[in-house]
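Scroll down for the structure; my scribbles are underneath it.
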Amino acid sequence: MANPCAWSTLRSEPFRFHLRWRSVLSLPENPFDYDLALQGCARGDRRALQGLYEHEGGRLLAVAKRIVGDTALAEDIVHDAFVRIWTRAASFDPQRGSARGWLFSVTRHLALNHVRRHARLQPLADQDLDAMVVDEPASLAIGGAHIDGCLEQLEPTRRQCLYHAYLDGYSHAEIAHKLDTPLGTVKAWIKRSLAALRECMG
Amino acid sequence: MNERNRPEEAMPEEPLNIEELAGEYVLGTLNNDLRDQVRQRLPHEPALRAAVDAWEARLLPLAQRQAPVQPSAGLWQRIERSLDGAAPQPIPIWWNRVGLWRTLAGAGLAATLVLGAMLLNVSRVATAPTYVVVLIGPQDKAPGWVVQANARQEIQLIPLHDSEVPADRSLQFWTKADSWQGPVSLGLVQPGQRVEVPLDKLPPLENNQLFELTLEPRNGSTTGKPTGPIQFIGRAVKVI
């Protein structure tokens with residue numbers, strides 16, 4: 001089926017670009033309503049799903065790609081994620097978290113499931129430590145100031161453990177290998193770092 | 001011997017408490033067994049679910065700030081094609097949903113036959129219910145509650161087995177006849193407990209009238225309409 005909104009999407013590109021910058025700068029009036037879009041999906045409205053795809057498809061692809069290490073495979077994950085978002089939209093419970101967060105959570109867990117059950121396509125050695133630094137400065141990130149302040153209180157290596165786990169989808173053993181640190185140490189670091197993070201963030 | 005290996009690796013690993021389990025589940029560092037265990041426990045353990053939700057929210061900014069990667073041109077079309085095929089229909093607002101009702105009609109008919117057969121034996125002495133509803137879970141299609149309604153405009157909601165809801169949530173009972181604009185609350189329900197609800201403020205029960213239980217805030221929906229996910233749903237079938 002041809003994309004029915006291709007024309008209007010093209011036309012509204014400058015507008016959407018503007019919106020993206022506004023959302024990056026954390027201005028409150030981001031007009032895209034994720035909850036409304038999920039309600040639309042639950043009613044069977046494909047335009048609602050397409051709206052979610054246009055707003056978050058690229059970011060979700062980035063999340064999946066960083067974990068599975070391959071663009072084609074990451075697109076498979078995003079494909080599965082959107083099918084799941086479509087079929088489960090009615091079961092989304094806004095009291096459990098944000099609609100936008102749910103999209104990321106669905107995608108991340110699908111990607112994690114994949115790397116836990118299959119060999120990674122990209123060997124770990126191909127990614128160097130520099131690539132693990134968070135991509136955007138904290139001041140531009142959406143709602144990230146809180147976690148950044150707390151992450152900064154961790155020792156850099158321990159912080160890297162959390163990035164490797166959460167962003168790269170590395171297992172304990174992969175992090176230990178990557179950082180050339182004993183497995184038990186990595187496990188203990190992560191456990192304590194999570195406790196510290198929770199203490200700091202509430 | 002490598003000295004670094006000694007202290008922590010020699011220690012036996014302690015089982016993780018709920019917070020640690022939730023944190024490492026969201027972080028992604030649980031092994032497959034533990035990961036599967038958490039996933040299986042989540043629907044039944046409100047405390048674990050709340051801890052997982054909190055961790056998702058805490059770490060989310062890290063995922064959301066990654067620079068977008070441009071998807072290939074055909075990805076959306078591929079997703080759309082998959083919606084045409086194997087994907088089950090989403091659950092729209094429940095009283096408009098056709099697909100579920102096909103399944104429910106079958107379940108309702110089966111229940112009618114079974115309960116009807118039972119009534120043949122007992123109805124000579126008891127007040128005969130005139131309508132029966134089997135409420136099933138929208139995901140697993142398993143029956144969870146039975147509603148029976150008699151001519152005096154009172155209905156009994158009868159649990160078929162124990163169930164639980166998160167501590168801060170309640171089950172709310174709703175009904176809607178085909179001609180009504182929206183559902184009407186019949187009040188809050190305790191999981192696993194039988195309840196009798198007078199319907200004297202409502203029009204007489206109708207064939208096909210819909211009933212559902214949704215998960216709502218502890219004191220019930222604040223909007224007067226269902227807001228939470230459907231737990232059980234069914235439609236009335238005339239028995240006699």
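Identifiers in this document derive from the order of the structure tokens: chains are assigned A, B, ..., residues are numbered from 1 separately in each chain, and ligands are numbered from 1 in order of occurrence.
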
Next item on the list: Return the neighbours of chain B among the residues of chain A, cut-off 7 Å, counting only C-alpha atoms, as a PyMOL selection string.
Entry: chain A and resi 1+42-44+58-59+61-63+79+82-83+86-91+93+96-97+101+112+116+135-136+141-144+147+165-167+169+171-172+182+184-185+191+194

Atoms kept (N, CA and C atoms) for selection, written as a CSV table (one decimal), in the first residue's frame:
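Output contents, as saved in selection.csv:
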```csv
chain,number,residue,atom,x,y,z
A,1,MET,N,0.9,-1.2,0.0
A,1,MET,CA,0.0,0.0,0.0
A,1,MET,C,0.9,1.2,0.0
A,42,ALA,N,-5.0,1.9,19.0
A,42,ALA,CA,-5.9,0.9,19.6
A,42,ALA,C,-7.3,0.8,18.9
A,43,ARG,N,-7.7,2.0,18.3
A,43,ARG,CA,-8.9,2.0,17.5
A,43,ARG,C,-8.7,1.5,16.1
A,44,GLY,N,-7.5,1.1,15.7
A,44,GLY,CA,-7.2,0.6,14.4
A,44,GLY,C,-6.9,1.7,13.3
A,58,GLY,N,13.1,6.9,13.5
A,58,GLY,CA,14.6,7.1,13.4
A,58,GLY,C,15.3,6.9,14.7
A,59,ARG,N,14.7,7.4,15.8
A,59,ARG,CA,15.4,7.2,17.1
A,59,ARG,C,15.3,5.8,17.6
A,61,LEU,N,15.2,3.3,15.7
A,61,LEU,CA,16.2,2.5,14.9
A,61,LEU,C,17.6,2.7,15.4
A,62,ALA,N,17.8,3.9,15.9
A,62,ALA,CA,19.2,4.2,16.5
A,62,ALA,C,19.4,3.3,17.8
A,63,VAL,N,18.3,3.2,18.6
A,63,VAL,CA,18.4,2.4,19.8
A,63,VAL,C,18.7,1.0,19.4
A,79,HIS,N,10.7,-3.0,12.8
A,79,HIS,CA,9.5,-3.5,12.2
A,79,HIS,C,8.7,-4.3,13.2
A,82,PHE,N,7.0,-2.0,15.8
A,82,PHE,CA,5.8,-1.3,15.4
A,82,PHE,C,4.6,-2.2,15.3
A,83,VAL,N,4.9,-3.4,14.8
A,83,VAL,CA,3.8,-4.4,14.8
A,83,VAL,C,3.3,-4.7,16.2
A,86,TRP,N,1.3,-1.7,17.5
A,86,TRP,CA,0.0,-1.8,16.9
A,86,TRP,C,-0.9,-2.8,17.6
A,87,THR,N,-0.4,-4.0,17.8
A,87,THR,CA,-1.3,-5.0,18.4
A,87,THR,C,-1.5,-4.8,19.9
A,88,ARG,N,-0.6,-4.2,20.5
A,88,ARG,CA,-0.7,-4.1,22.0
A,88,ARG,C,-1.1,-2.7,22.4
A,89,ALA,N,-1.4,-1.8,21.5
A,89,ALA,CA,-1.7,-0.4,21.9
A,89,ALA,C,-2.8,-0.3,22.9
A,90,ALA,N,-3.8,-1.2,22.8
A,90,ALA,CA,-4.9,-1.1,23.7
A,90,ALA,C,-4.5,-1.5,25.1
A,91,SER,N,-3.5,-2.3,25.2
A,91,SER,CA,-3.1,-2.7,26.6
A,91,SER,C,-2.1,-1.8,27.2
A,93,ASP,N,-0.9,1.1,29.3
A,93,ASP,CA,-1.5,1.7,30.5
A,93,ASP,C,-0.8,2.9,30.9
A,96,ARG,N,1.3,3.5,34.0
A,96,ARG,CA,2.6,2.8,34.2
A,96,ARG,C,3.8,3.5,33.6
A,97,GLY,N,3.5,4.6,32.9
A,97,GLY,CA,4.7,5.3,32.3
A,97,GLY,C,4.2,6.1,31.1
A,101,GLY,N,7.8,6.7,26.2
A,101,GLY,CA,8.7,5.7,26.9
A,101,GLY,C,8.4,4.3,26.5
A,112,LEU,N,17.2,-6.4,22.8
A,112,LEU,CA,17.9,-7.2,23.9
A,112,LEU,C,17.6,-8.7,23.7
A,116,ARG,N,20.5,-11.5,23.1
A,116,ARG,CA,20.7,-12.5,24.1
A,116,ARG,C,20.5,-13.9,23.5
A,135,ASP,N,25.5,10.6,23.0
A,135,ASP,CA,25.7,11.3,21.7
A,135,ASP,C,25.4,12.8,21.9
A,136,GLU,N,24.5,13.2,22.7
A,136,GLU,CA,24.1,14.6,22.7
A,136,GLU,C,24.5,15.2,24.1
A,141,ALA,N,19.5,17.4,26.0
A,141,ALA,CA,18.7,16.2,26.0
A,141,ALA,C,17.3,16.4,26.6
A,142,ILE,N,16.4,15.5,26.3
A,142,ILE,CA,15.0,15.7,26.7
A,142,ILE,C,14.9,15.1,28.1
A,143,GLY,N,14.7,15.9,29.1
A,143,GLY,CA,14.4,15.4,30.4
A,143,GLY,C,15.6,14.6,31.0
A,144,GLY,N,16.8,14.8,30.6
A,144,GLY,CA,17.9,14.0,31.0
A,144,GLY,C,18.8,14.6,32.1
A,147,ILE,N,19.1,12.5,35.4
A,147,ILE,CA,20.0,11.3,35.4
A,147,ILE,C,21.4,11.6,35.1
A,165,ALA,N,25.8,-1.5,29.1
A,165,ALA,CA,24.6,-2.4,29.3
A,165,ALA,C,23.4,-1.8,28.7
A,166,TYR,N,23.1,-0.5,29.0
A,166,TYR,CA,21.8,0.0,28.6
A,166,TYR,C,21.8,0.4,27.2
A,167,LEU,N,22.8,1.1,26.7
A,167,LEU,CA,22.8,1.5,25.3
A,167,LEU,C,23.3,0.5,24.3
A,169,GLY,N,23.6,-2.8,25.0
A,169,GLY,CA,23.0,-4.1,25.3
A,169,GLY,C,24.0,-5.2,25.6
A,171,SER,N,26.1,-7.8,27.8
A,171,SER,CA,25.9,-8.6,29.0
A,171,SER,C,27.1,-8.3,30.0
A,172,HIS,N,26.9,-8.8,31.2
A,172,HIS,CA,28.0,-8.7,32.2
A,172,HIS,C,29.3,-9.2,31.6
A,182,PRO,N,37.6,-8.1,35.8
A,182,PRO,CA,37.0,-9.4,36.2
A,182,PRO,C,35.4,-9.3,36.2
A,184,GLY,N,33.2,-10.7,38.1
A,184,GLY,CA,32.6,-10.4,39.5
A,184,GLY,C,32.7,-8.9,39.8
A,185,THR,N,33.8,-8.3,39.4
A,185,THR,CA,33.9,-6.8,39.7
A,185,THR,C,32.9,-6.1,38.9
A,191,LYS,N,25.7,-3.5,40.2
A,191,LYS,CA,24.8,-3.6,41.3
A,191,LYS,C,24.8,-2.3,42.1
A,194,LEU,N,23.6,0.9,40.3
A,194,LEU,CA,22.2,1.0,40.2
A,194,LEU,C,21.6,1.5,41.5
```

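In this structure, CA of Tyr53 (chain A) sits 9.5 Å away from CA of Val78 (chain A).
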
Checklist line | Best match for closeness to Glu152 (chain A) among A:Thr71, A:Ser193, A:Pro94, A:Ala64, counting only C-alpha atoms | finding: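 Of A:Thr71, A:Ser193, A:Pro94, A:Ala64, the one nearest Glu152 (chain A) is A:Ser193, counting only C-alpha atoms.
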